[in-house]
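work_0.txt, holding compact mmCIF, C-alpha atoms and all ligand atoms:
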# COMPACT_ATOMS: atom_id res chain seq x y z
CA MET T 1 0.03 -1.95 21.49
CA GLU T 2 1.42 -5.32 20.44
CA ILE T 3 5.06 -5.39 19.37
CA LYS T 4 5.70 -7.69 16.44
CA THR T 5 8.56 -5.94 14.68
CA VAL T 6 11.56 -4.27 16.30
CA ALA T 7 13.96 -2.00 14.42
CA VAL T 8 17.50 -1.76 15.79
CA ILE T 9 19.66 1.15 14.60
CA GLY T 10 23.40 0.41 14.66
CA ALA T 11 24.94 -3.03 14.20
CA GLY T 12 27.93 -2.67 16.53
CA THR T 13 28.67 -4.68 19.67
CA MET T 14 25.36 -3.82 21.32
CA GLY T 15 23.03 -3.46 18.32
CA SER T 16 23.82 -6.92 16.97
CA GLY T 17 23.31 -8.41 20.46
CA ILE T 18 19.93 -6.68 20.79
CA ALA T 19 18.90 -7.86 17.29
CA GLN T 20 19.91 -11.41 18.24
CA VAL T 21 17.95 -11.62 21.52
CA ALA T 22 14.87 -10.00 19.93
CA ALA T 23 14.93 -12.49 17.02
CA GLN T 24 15.51 -15.36 19.46
CA ALA T 25 12.36 -14.27 21.31
CA GLY T 26 10.37 -14.48 18.04
CA TYR T 27 10.24 -10.82 16.98
CA ASN T 28 10.84 -9.76 13.39
CA VAL T 29 13.93 -7.55 13.45
CA ILE T 30 14.99 -4.82 11.04
CA LEU T 31 18.69 -4.17 11.65
CA ILE T 32 19.61 -0.76 10.27
CA MET T 33 23.38 -0.71 9.86
CA GLU T 34 23.83 2.77 8.42
CA ASN T 35 21.59 5.29 6.75
CA LEU T 36 22.89 5.48 3.18
CA GLN T 37 19.56 6.31 1.51
CA GLY T 38 20.04 9.56 -0.40
CA GLN T 39 23.70 9.75 0.67
CA ILE T 40 25.24 7.72 -2.15
CA PRO T 41 24.40 7.08 -5.82
CA GLU T 42 21.32 4.82 -6.10
CA LYS T 43 23.28 2.29 -8.24
CA ASP T 44 25.77 1.62 -5.39
CA LEU T 45 23.06 0.86 -2.80
CA PRO T 46 22.53 -2.89 -3.48
CA ARG T 47 26.29 -3.64 -3.35
CA LEU T 48 26.82 -1.65 -0.13
CA GLN T 49 23.66 -3.08 1.41
CA ALA T 50 25.03 -6.61 0.79
CA GLU T 51 28.45 -5.70 2.22
CA TYR T 52 26.97 -4.13 5.36
CA CYS T 53 24.64 -7.10 5.88
CA VAL T 54 27.48 -9.61 5.76
CA ARG T 55 29.50 -7.51 8.24
CA GLY T 56 26.56 -6.76 10.55
CA ILE T 57 24.89 -10.17 10.65
CA ALA T 58 28.02 -12.39 10.71
CA PRO T 59 28.67 -11.76 14.44
CA ILE T 60 25.10 -12.86 15.22
CA GLY T 61 25.71 -16.11 13.29
CA GLY T 62 28.91 -16.61 15.31
CA SER T 63 27.11 -16.01 18.59
CA LEU T 64 24.36 -18.49 17.62
CA ASP T 65 27.03 -21.06 16.66
CA ARG T 66 28.35 -20.83 20.25
CA LEU T 67 24.81 -21.56 21.53
CA ILE T 68 24.64 -24.61 19.21
CA LYS T 69 28.01 -25.85 20.55
CA ARG T 70 26.66 -25.57 24.10
CA GLY T 71 23.56 -27.55 23.07
CA LEU T 72 21.23 -24.63 23.82
CA ILE T 73 19.78 -24.34 20.30
CA GLN T 74 19.75 -26.48 17.15
CA GLU T 75 21.02 -25.65 13.65
CA ALA T 76 17.35 -25.25 12.56
CA ASP T 77 16.79 -22.65 15.31
CA LYS T 78 19.78 -20.66 14.04
CA LYS T 79 18.30 -20.65 10.56
CA ALA T 80 14.91 -19.51 11.87
CA ILE T 81 16.45 -16.78 14.09
CA LEU T 82 18.60 -15.39 11.26
CA GLY T 83 15.55 -15.62 8.98
CA ARG T 84 13.74 -13.16 11.27
CA ILE T 85 16.53 -10.54 10.94
CA LYS T 86 16.46 -8.26 7.92
CA GLY T 87 19.55 -6.08 7.41
CA THR T 88 19.26 -2.73 5.65
CA VAL T 89 21.05 0.58 5.10
CA ASN T 90 17.79 2.48 4.70
CA MET T 91 16.47 4.18 7.85
CA ASN T 92 13.00 4.52 6.24
CA GLU T 93 12.47 0.80 6.87
CA ALA T 94 12.02 1.61 10.58
CA LYS T 95 8.45 2.63 9.73
CA ALA T 96 7.39 -1.05 9.84
CA ALA T 97 8.38 -1.40 13.53
CA GLN T 98 6.29 -0.84 16.66
CA LEU T 99 9.49 -0.41 18.71
CA VAL T 100 12.76 1.18 17.51
CA ILE T 101 15.92 0.76 19.60
CA GLU T 102 18.71 3.15 18.66
CA SER T 103 22.17 1.77 19.50
CA VAL T 104 24.61 3.92 17.53
CA THR T 105 27.87 5.50 18.69
CA GLU T 106 27.56 7.40 21.99
CA THR T 107 27.32 11.01 20.73
CA LEU T 108 24.49 13.33 21.61
CA GLU T 109 24.45 15.06 18.19
CA LEU T 110 24.24 11.76 16.26
CA LYS T 111 21.58 10.25 18.52
CA SER T 112 19.48 13.46 18.54
CA SER T 113 19.53 13.69 14.74
CA ILE T 114 18.54 10.00 14.40
CA PHE T 115 15.63 10.55 16.82
CA LYS T 116 14.51 13.54 14.76
CA ASP T 117 14.58 11.43 11.57
CA LEU T 118 12.72 8.57 13.29
CA ASP T 119 10.06 10.98 14.55
CA ALA T 120 9.33 11.88 10.93
CA ILE T 121 9.60 8.31 9.57
CA CYS T 122 7.67 6.23 12.13
CA PRO T 123 3.92 6.20 12.87
CA PRO T 124 3.07 8.34 15.95
CA GLU T 125 2.40 5.35 18.22
CA THR T 126 5.83 3.73 17.60
CA ILE T 127 8.03 3.70 20.71
CA LEU T 128 11.48 5.23 20.18
CA ALA T 129 14.06 3.85 22.62
CA SER T 130 17.76 4.55 23.12
CA ASN T 131 20.39 2.11 24.36
CA THR T 132 22.61 4.99 25.51
CA SER T 133 24.82 4.24 28.55
CA THR T 134 24.92 7.76 29.95
CA LEU T 135 23.19 10.46 27.88
CA PRO T 136 19.91 11.70 29.39
CA ILE T 137 16.93 10.48 27.36
CA SER T 138 15.38 13.95 27.62
CA ALA T 139 18.49 15.44 25.93
CA ILE T 140 18.43 12.93 23.05
CA SER T 141 14.71 13.54 22.45
CA SER T 142 14.57 17.29 23.19
CA SER T 143 13.58 18.32 19.68
CA ILE T 144 11.05 15.63 18.80
CA LYS T 145 7.25 15.69 19.09
CA ARG T 146 6.28 12.31 20.61
CA LYS T 147 8.12 12.72 23.94
CA ASP T 148 5.58 10.41 25.64
CA ARG T 149 6.67 7.54 23.37
CA VAL T 150 10.39 7.93 24.16
CA ILE T 151 12.28 5.79 26.69
CA GLY T 152 15.73 4.43 27.53
CA ILE T 153 16.18 0.65 27.19
CA HIS T 154 19.78 0.12 28.29
CA PHE T 155 21.06 -3.40 27.64
CA MET T 156 24.25 -4.69 29.26
CA ASN T 157 27.26 -6.21 27.49
CA PRO T 158 27.24 -9.03 26.36
CA VAL T 159 23.54 -8.69 25.57
CA PRO T 160 22.72 -12.41 25.15
CA VAL T 161 24.21 -13.16 28.60
CA MET T 162 23.25 -10.30 30.92
CA LYS T 163 19.90 -10.59 32.71
CA GLY T 164 19.34 -6.97 33.78
CA VAL T 165 18.19 -4.14 31.49
CA GLU T 166 17.84 -0.56 32.75
CA VAL T 167 14.59 1.09 31.69
CA ILE T 168 14.85 4.88 31.89
CA LEU T 169 11.74 7.04 32.08
CA SER T 170 11.97 10.73 31.25
CA THR T 171 9.46 13.17 32.78
CA PHE T 172 7.39 12.85 29.60
CA THR T 173 7.42 9.05 29.18
CA SER T 174 3.84 7.75 29.37
CA GLN T 175 2.80 4.84 31.60
CA ASP T 176 1.81 2.87 28.50
CA THR T 177 5.28 3.35 26.96
CA ALA T 178 6.91 2.25 30.24
CA ASP T 179 4.67 -0.82 30.61
CA THR T 180 5.06 -1.89 26.96
CA SER T 181 8.85 -1.48 27.18
CA LYS T 182 9.13 -3.42 30.43
CA ASN T 183 6.96 -6.23 29.02
CA PHE T 184 9.19 -6.31 25.95
CA VAL T 185 12.28 -6.70 28.18
CA LYS T 186 10.57 -9.52 30.11
CA SER T 187 9.65 -11.24 26.83
CA LEU T 188 13.41 -11.50 26.14
CA ASP T 189 13.74 -13.40 29.44
CA LYS T 190 15.42 -10.38 31.00
CA GLU T 191 14.52 -8.24 34.01
CA PRO T 192 13.82 -4.49 33.72
CA CYS T 193 15.36 -2.22 36.38
CA GLU T 194 13.71 1.23 36.43
CA ALA T 195 16.02 4.24 36.61
CA LYS T 196 15.56 8.03 36.68
CA ASP T 197 16.67 10.13 33.72
CA HIS T 198 19.91 11.57 35.13
CA ALA T 199 23.21 11.19 33.24
CA GLY T 200 24.60 7.68 33.79
CA PHE T 201 21.25 6.45 35.23
CA ILE T 202 22.17 3.84 37.90
CA VAL T 203 24.59 1.37 36.31
CA SER T 204 27.05 3.63 34.44
CA ARG T 205 26.96 6.20 37.25
CA LEU T 206 28.14 3.71 39.85
CA LEU T 207 30.48 1.68 37.61
CA ASP T 208 32.26 4.67 36.03
CA VAL T 209 32.86 6.21 39.46
CA LEU T 210 34.31 2.92 40.73
CA ILE T 211 36.59 2.63 37.68
CA ASN T 212 37.69 6.27 38.04
CA GLU T 213 38.64 5.72 41.70
CA ALA T 214 40.47 2.49 40.76
CA VAL T 215 42.52 4.52 38.23
CA GLN T 216 43.25 7.02 41.03
CA CYS T 217 44.50 4.07 43.15
CA VAL T 218 47.00 3.30 40.34
CA MET T 219 48.05 6.98 40.31
CA ASP T 220 48.61 6.66 44.07
CA GLY T 221 51.15 3.89 43.41
CA ASN T 222 49.03 0.70 43.52
CA LYS T 223 49.65 -1.96 40.87
CA PRO T 224 46.62 -2.56 38.58
CA GLU T 225 46.74 -6.31 39.25
CA GLU T 226 46.64 -5.72 43.02
CA VAL T 227 43.67 -3.33 42.72
CA ASP T 228 41.74 -5.91 40.67
CA LYS T 229 42.80 -8.84 42.89
CA ALA T 230 41.68 -6.97 46.01
CA MET T 231 38.23 -6.20 44.58
CA LYS T 232 37.74 -9.76 43.30
CA LEU T 233 38.94 -11.59 46.41
CA CYS T 234 37.91 -9.14 49.14
CA CYS T 235 34.61 -7.91 47.67
CA ASN T 236 33.59 -10.89 45.51
CA PHE T 237 33.59 -8.82 42.30
CA PRO T 238 33.45 -11.11 39.22
CA ILE T 239 35.86 -8.79 37.38
CA GLY T 240 38.29 -6.14 38.66
CA PRO T 241 37.50 -2.45 37.93
CA LEU T 242 40.63 -1.99 35.77
CA GLU T 243 39.93 -5.20 33.85
CA LEU T 244 36.42 -3.83 33.34
CA CYS T 245 37.84 -0.51 32.10
CA ASP T 246 39.92 -2.43 29.54
CA LEU T 247 36.85 -4.45 28.51
CA VAL T 248 34.51 -1.46 28.09
CA GLY T 249 37.21 0.89 26.70
CA ALA T 250 38.86 3.82 28.54
CA ASP T 251 37.36 6.20 25.94
CA VAL T 252 33.84 5.00 26.75
CA VAL T 253 34.44 5.38 30.50
CA LEU T 254 35.93 8.87 29.99
CA HIS T 255 32.99 9.93 27.81
CA GLY T 256 30.58 8.68 30.50
CA LEU T 257 32.39 10.59 33.25
CA GLU T 258 32.45 13.79 31.17
CA THR T 259 28.68 13.51 30.59
CA MET T 260 28.15 13.01 34.33
CA GLU T 261 30.54 15.83 35.29
CA ASN T 262 28.39 18.05 33.08
CA GLU T 263 25.32 17.07 35.10
CA PHE T 264 26.67 16.61 38.65
CA GLY T 265 29.80 18.80 38.68
CA GLU T 266 33.40 18.36 39.90
CA ARG T 267 32.78 15.28 42.08
CA LEU T 268 32.48 13.13 38.95
CA LYS T 269 35.59 14.48 37.25
CA ALA T 270 37.79 11.96 35.40
CA VAL T 271 41.25 11.55 36.96
CA PRO T 272 44.30 12.60 34.87
CA LEU T 273 45.60 9.04 34.26
CA LEU T 274 42.30 8.00 32.63
CA LYS T 275 42.54 11.01 30.30
CA SER T 276 46.15 10.24 29.38
CA GLN T 277 45.30 6.56 28.72
CA VAL T 278 42.74 7.80 26.17
CA ARG T 279 45.14 10.38 24.67
CA SER T 280 47.83 7.75 24.17
CA GLY T 281 45.40 5.23 22.65
CA ALA T 282 45.72 2.74 25.53
CA LEU T 283 41.96 2.11 25.43
CA GLY T 284 42.01 -1.52 26.56
CA ARG T 285 41.23 -4.76 24.72
CA LYS T 286 40.19 -3.04 21.48
CA THR T 287 43.63 -1.41 21.01
CA GLY T 288 45.62 -4.31 22.48
CA LYS T 289 46.80 -2.22 25.44
CA GLY T 290 45.14 -0.65 28.46
CA PHE T 291 45.96 -1.31 32.10
CA TYR T 292 46.99 -4.74 30.83
CA ASP T 293 48.69 -5.89 27.65
CA TYR T 294 46.54 -7.78 25.14
CA ALA T 295 49.03 -7.76 22.25
CA PRO T 296 49.17 -11.16 20.53
CA ARG T 297 52.30 -13.14 21.45
CA GLN T 298 54.89 -13.37 18.64
N1 LIG U 1 29.82 -1.41 24.59
C1 LIG U 1 29.20 -1.51 25.75
O1 LIG U 1 29.68 -2.17 26.70
C2 LIG U 1 27.85 -0.83 25.94
C3 LIG U 1 27.01 -1.27 26.96
C4 LIG U 1 25.74 -0.71 27.10
C5 LIG U 1 25.33 0.31 26.24
N2 LIG U 1 26.20 0.75 25.27
C6 LIG U 1 25.71 1.82 24.39
O2 LIG U 1 25.30 1.23 23.17
C7 LIG U 1 25.49 2.15 22.09
C8 LIG U 1 26.34 1.50 21.02
O3 LIG U 1 27.54 1.09 21.60
P1 LIG U 1 28.45 -0.07 20.95
O4 LIG U 1 29.40 -0.47 22.01
O5 LIG U 1 27.59 -1.08 20.29
O6 LIG U 1 29.23 0.78 19.85
P2 LIG U 1 29.88 0.28 18.48
O7 LIG U 1 30.89 1.30 18.11
O8 LIG U 1 30.27 -1.15 18.57
O9 LIG U 1 28.64 0.36 17.47
C9 LIG U 1 28.05 1.55 17.05
C10 LIG U 1 27.49 1.31 15.67
O10 LIG U 1 26.69 2.42 15.27
C11 LIG U 1 26.80 2.49 13.86
N3 LIG U 1 26.30 3.77 13.38
C12 LIG U 1 26.88 5.00 13.50
N4 LIG U 1 26.07 5.92 12.90
C13 LIG U 1 24.98 5.25 12.41
C14 LIG U 1 23.81 5.64 11.70
N5 LIG U 1 23.60 6.91 11.35
N6 LIG U 1 22.91 4.69 11.38
C15 LIG U 1 23.08 3.41 11.71
N7 LIG U 1 24.21 2.98 12.38
C16 LIG U 1 25.13 3.89 12.72
C17 LIG U 1 28.29 2.27 13.60
O11 LIG U 1 28.52 1.89 12.27
C18 LIG U 1 28.58 1.12 14.58
O12 LIG U 1 28.40 -0.13 13.97
C19 LIG U 1 26.16 3.40 22.71
O13 LIG U 1 25.16 4.34 23.00
C20 LIG U 1 26.76 2.85 24.00
O14 LIG U 1 26.88 3.84 25.00
C21 LIG U 1 27.43 0.19 25.08

Give the structure from the file, written as structure tokens.
Amino acid sequence: MEIKTVAVIGAGTMGSGIAQVAAQAGYNVILIMENLQGQIPEKDLPRLQAEYCVRGIAPIGGSLDRLIKRGLIQEADKKAILGRIKGTVNMNEAKAAQLVIESVTETLELKSSIFKDLDAICPPETILASNTSTLPISAISSSIKRKDRVIGIHFMNPVPVMKGVEVILSTFTSQDTADTSKNFVKSLDKEPCEAKDHAGFIVSRLLDVLINEAVQCVMDGNKPEEVDKAMKLCCNFPIGPLELCDLVGADVVLHGLETMENEFGERLKAVPLLKSQVRSGALGRKTGKGFYDYAPRQ
């Protein structure tokens, strides 16, 4: 099956990055920012649609501007790329796509219900993919019919920069779905890395464990800056594990560990300091405070 149109559900950090790289590679993109169809009065739809589109597509424009500044694309390319992205708040528009990539908030209930809706909306041959970081693909797709057309396509942050993409096959994923998805990843000038369908796959499983142990090092009396310095200078890490926790968000790391503890048991239990960071709202860069202080200087 030839992929011409890709629908991306969720226009957050990851969804807008995925929409951008797909449009840059020449695909038509339908960016579904919310599903408001039938949820609000019909008369309010056009206004909300316009508001969501400005909010959802503006970051892509900003990212393309940075590429122009670096001389990697021209102003005309930006116009053409943005011209291939259609924003909408109507999930039914996913029916025009041959590949749908769900990239909404990391909750099993939300993702499962979106997959159920997509199963009803999209033609049977459409591939339904999730960008989940940790949730097993088989759990997200447990109640849908086309299990052979379901796969994990897990992009890394920031999407336009990172070369590797995990491709997660469930027991039901067909060879054709796997091949088509891997070829799609390659067409974005990225490299697919195949992973088994266990919570956390390969990347989140190893990274979240490393971050958790780094937080334990802080509980044992080590300074965060010394933990990060040691890993950068002694192990050649490009970023320290606590800096990475602040970048990803302590809540996201905790959620990943809880999903993995569910699957693998006690050995992947989050340490108490990580839980208290989340409870106190010290989530990292997004709240201005994590293991480091990001508050703007007065
Ligand atoms: N942030 C990362 O570093 C990272 C890396 C790899 C994968 N992921 C995964 O990507 C997914 C999205 O993460 P994110 O960081 O972009 O989150 P985010 O909070 O930035 O974005 C999530 C988006 O989903 C939207 N959304 C919620 N319900 C929706 C619905 N019913 N229809 C359409 N949109 C809806 C929200 O409005 C929001 O814009 C998660 O599964 C996460 O685990 C995140």

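Ranking T:Ala58, T:Thr105, T:His154, T:Ile9 by their shortest atom-to-atom distance to T:Val89, with all atoms listed in the file included, puts T:Ile9 first.
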
Exercise for the section: Would you list the residues that come within 7 Å of ligand LIG 1 (chain U)? Count only C-alpha atoms and all ligand atoms and give the answer as JSON, numbers by chain. Expected result: {"T": [9, 10, 11, 12, 13, 14, 15, 32, 33, 34, 35, 103, 104, 105, 106, 110, 114, 131, 132, 133, 134, 154, 155, 156, 157, 248]}

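Nearest to T:Ile202 of all the residues T:Asp189, T:Asp228, T:Glu93, T:Glu166 is T:Glu166, counting all atoms listed in the file.
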
Exercise for the section: Identify, on the basis of only C-alpha atoms, every residue whose closest approach to T:Leu207 does not exceed 12 Å; exclude the query and any residue fewer than 4 positions from it along the same chain; express the result as a list in words. Expected result: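 Skipping anything fewer than 4 positions along the chain leaves Ser133, Thr134, Gly200, Phe201, Ile202, Val203, Ile211, Asn212, Glu213, Ala214, Phe237, Ile239, Gly240, Pro241, Leu242, Leu244, Cys245, Val248, Val252, Val253, Leu254, Gly256, Leu257 and Leu268 of chain T.
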
Practice task
Kindly give the distance, in Å, that separates atom CA of T:Leu99 and atom CA of T:Ala129, rounded to a single decimal.
Solution key: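 Pair atom CA of T:Leu99 / atom CA of T:Ala129 returns 7.4 Å.
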
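Closest approach to T:Ala23 among T:Val215, T:Met162, T:Ile68, T:Leu188: T:Leu188, based on all atoms listed in the file.
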
Practice task
Starting from the point (22.8, -12.8, 11.0), work out which residues of protein, DNA or RNA have an atom no more than 9 Å away when counting all atoms listed in the file; state them as a count of residues only.
Solution key: 21

Handout entry: Computed interatomic separation between atom CA of T:Lys163 and atom CA of T:Glu191 (Å)
Key =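 Going from atom CA of T:Lys163 over to atom CA of T:Glu191, I get 6.0 Å.
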
Problem - Proximity to T:Asp293 - best of T:Ala22, T:Leu67, T:Ile101, T:Leu247, all atoms listed in the file - result: T:Leu247

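Nearest-residue note for T:Leu210: choosing from T:Val227, T:Ile40, T:Ala178, T:Ala94, the minimum distance belongs to T:Val227, counting all atoms listed in the file.
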
Exercise for the section: Tell me which protein, DNA and RNA residues are within 12 Å of T:Phe184, counting only C-alpha atoms, leaving out same-chain ones fewer than 4 positions away, and put them as a VMD selection string. Expected result: chain T and resid 1 to 6 18 21 to 22 25 to 27 98 to 101 127 129 153 165 167 177 to 180 188 to 192

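For the choices T:Ile168, T:Cys122, T:Ala282, T:Leu233, the atom-to-atom distance to T:Cys193 is smallest for T:Ile168 when using all atoms listed in the file.
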
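Our summary of the geometry notes that atom CA of T:Ala199 is positioned 5.4 Å from atom CA of T:Met260.
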
Exercise for the section: Using all atoms listed in the file, find all polymer residues with an atom at most 7 Å away from the point (14.7, 7.7, 32.9); report them as number ranges by chain. Expected result: T: 137, 151-152, 167-170, 195-198

Could you add whatever atoms are missing so that stretch 58-68 of chain T carries all heavy atoms, then write the result as a PDB file, in the coordinates of the input?
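Saved file selection_34.pdb follows:
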ATOM      1  N   ALA T  58      27.069 -11.310  10.429  1.00  0.00           N
ATOM      2  CA  ALA T  58      28.020 -12.390  10.710  1.00  0.00           C
ATOM      3  C   ALA T  58      28.260 -12.608  12.214  1.00  0.00           C
ATOM      4  O   ALA T  58      28.254 -13.755  12.680  1.00  0.00           O
ATOM      5  CB  ALA T  58      29.345 -12.138   9.983  1.00  0.00           C
ATOM      6  N   PRO T  59      28.446 -11.527  13.012  1.00  0.00           N
ATOM      7  CA  PRO T  59      28.670 -11.760  14.440  1.00  0.00           C
ATOM      8  C   PRO T  59      27.486 -12.452  15.138  1.00  0.00           C
ATOM      9  O   PRO T  59      27.674 -13.211  16.091  1.00  0.00           O
ATOM     10  CB  PRO T  59      28.861 -10.354  15.032  1.00  0.00           C
ATOM     11  CG  PRO T  59      29.142  -9.468  13.883  1.00  0.00           C
ATOM     12  CD  PRO T  59      28.534 -10.097  12.670  1.00  0.00           C
ATOM     13  N   ILE T  60      26.276 -12.204  14.615  1.00  0.00           N
ATOM     14  CA  ILE T  60      25.100 -12.860  15.220  1.00  0.00           C
ATOM     15  C   ILE T  60      25.161 -14.361  14.922  1.00  0.00           C
ATOM     16  O   ILE T  60      24.924 -15.193  15.797  1.00  0.00           O
ATOM     17  CB  ILE T  60      23.784 -12.241  14.687  1.00  0.00           C
ATOM     18  CG1 ILE T  60      23.771 -10.734  14.978  1.00  0.00           C
ATOM     19  CG2 ILE T  60      22.568 -12.939  15.295  1.00  0.00           C
ATOM     20  CD1 ILE T  60      22.551  -9.993  14.452  1.00  0.00           C
ATOM     21  N   GLY T  61      25.540 -14.695  13.664  1.00  0.00           N
ATOM     22  CA  GLY T  61      25.710 -16.110  13.290  1.00  0.00           C
ATOM     23  C   GLY T  61      26.737 -16.777  14.198  1.00  0.00           C
ATOM     24  O   GLY T  61      26.526 -17.890  14.688  1.00  0.00           O
ATOM     25  N   GLY T  62      27.849 -16.066  14.452  1.00  0.00           N
ATOM     26  CA  GLY T  62      28.910 -16.610  15.310  1.00  0.00           C
ATOM     27  C   GLY T  62      28.420 -16.837  16.728  1.00  0.00           C
ATOM     28  O   GLY T  62      28.719 -17.871  17.352  1.00  0.00           O
ATOM     29  N   SER T  63      27.643 -15.896  17.233  1.00  0.00           N
ATOM     30  CA  SER T  63      27.110 -16.010  18.590  1.00  0.00           C
ATOM     31  C   SER T  63      26.133 -17.190  18.676  1.00  0.00           C
ATOM     32  O   SER T  63      26.135 -17.957  19.652  1.00  0.00           O
ATOM     33  CB  SER T  63      26.424 -14.685  18.960  1.00  0.00           C
ATOM     34  OG  SER T  63      25.782 -14.791  20.173  1.00  0.00           O
ATOM     35  N   LEU T  64      25.312 -17.367  17.620  1.00  0.00           N
ATOM     36  CA  LEU T  64      24.360 -18.490  17.620  1.00  0.00           C
ATOM     37  C   LEU T  64      25.099 -19.827  17.507  1.00  0.00           C
ATOM     38  O   LEU T  64      24.688 -20.825  18.109  1.00  0.00           O
ATOM     39  CB  LEU T  64      23.348 -18.321  16.470  1.00  0.00           C
ATOM     40  CG  LEU T  64      22.399 -17.122  16.613  1.00  0.00           C
ATOM     41  CD1 LEU T  64      21.571 -16.931  15.346  1.00  0.00           C
ATOM     42  CD2 LEU T  64      21.467 -17.291  17.816  1.00  0.00           C
ATOM     43  N   ASP T  65      26.225 -19.834  16.765  1.00  0.00           N
ATOM     44  CA  ASP T  65      27.030 -21.060  16.660  1.00  0.00           C
ATOM     45  C   ASP T  65      27.517 -21.500  18.049  1.00  0.00           C
ATOM     46  O   ASP T  65      27.563 -22.687  18.362  1.00  0.00           O
ATOM     47  CB  ASP T  65      28.237 -20.840  15.741  1.00  0.00           C
ATOM     48  CG  ASP T  65      27.825 -20.877  14.265  1.00  0.00           C
ATOM     49  OD1 ASP T  65      26.758 -21.453  13.966  1.00  0.00           O
ATOM     50  OD2 ASP T  65      28.565 -20.310  13.430  1.00  0.00           O
ATOM     51  N   ARG T  66      27.879 -20.497  18.881  1.00  0.00           N
ATOM     52  CA  ARG T  66      28.350 -20.830  20.250  1.00  0.00           C
ATOM     53  C   ARG T  66      27.205 -21.463  21.053  1.00  0.00           C
ATOM     54  O   ARG T  66      27.427 -22.371  21.844  1.00  0.00           O
ATOM     55  CB  ARG T  66      28.905 -19.586  20.945  1.00  0.00           C
ATOM     56  CG  ARG T  66      30.268 -19.153  20.384  1.00  0.00           C
ATOM     57  CD  ARG T  66      30.944 -18.119  21.243  1.00  0.00           C
ATOM     58  NE  ARG T  66      30.343 -16.799  21.128  1.00  0.00           N
ATOM     59  CZ  ARG T  66      30.565 -15.950  20.106  1.00  0.00           C
ATOM     60  NH1 ARG T  66      31.381 -16.291  19.128  1.00  0.00           N
ATOM     61  NH2 ARG T  66      29.980 -14.770  20.072  1.00  0.00           N
ATOM     62  N   LEU T  67      25.963 -20.981  20.825  1.00  0.00           N
ATOM     63  CA  LEU T  67      24.810 -21.560  21.530  1.00  0.00           C
ATOM     64  C   LEU T  67      24.570 -23.000  21.060  1.00  0.00           C
ATOM     65  O   LEU T  67      24.206 -23.871  21.848  1.00  0.00           O
ATOM     66  CB  LEU T  67      23.553 -20.719  21.313  1.00  0.00           C
ATOM     67  CG  LEU T  67      23.569 -19.300  21.885  1.00  0.00           C
ATOM     68  CD1 LEU T  67      22.225 -18.613  21.645  1.00  0.00           C
ATOM     69  CD2 LEU T  67      23.866 -19.300  23.386  1.00  0.00           C
ATOM     70  N   ILE T  68      24.809 -23.243  19.752  1.00  0.00           N
ATOM     71  CA  ILE T  68      24.640 -24.610  19.210  1.00  0.00           C
ATOM     72  C   ILE T  68      25.668 -25.532  19.861  1.00  0.00           C
ATOM     73  O   ILE T  68      25.342 -26.629  20.324  1.00  0.00           O
ATOM     74  CB  ILE T  68      24.781 -24.624  17.663  1.00  0.00           C
ATOM     75  CG1 ILE T  68      23.632 -23.864  17.022  1.00  0.00           C
ATOM     76  CG2 ILE T  68      24.844 -26.056  17.125  1.00  0.00           C
ATOM     77  CD1 ILE T  68      23.726 -23.680  15.510  1.00  0.00           C
TER      78      ILE T  68
END
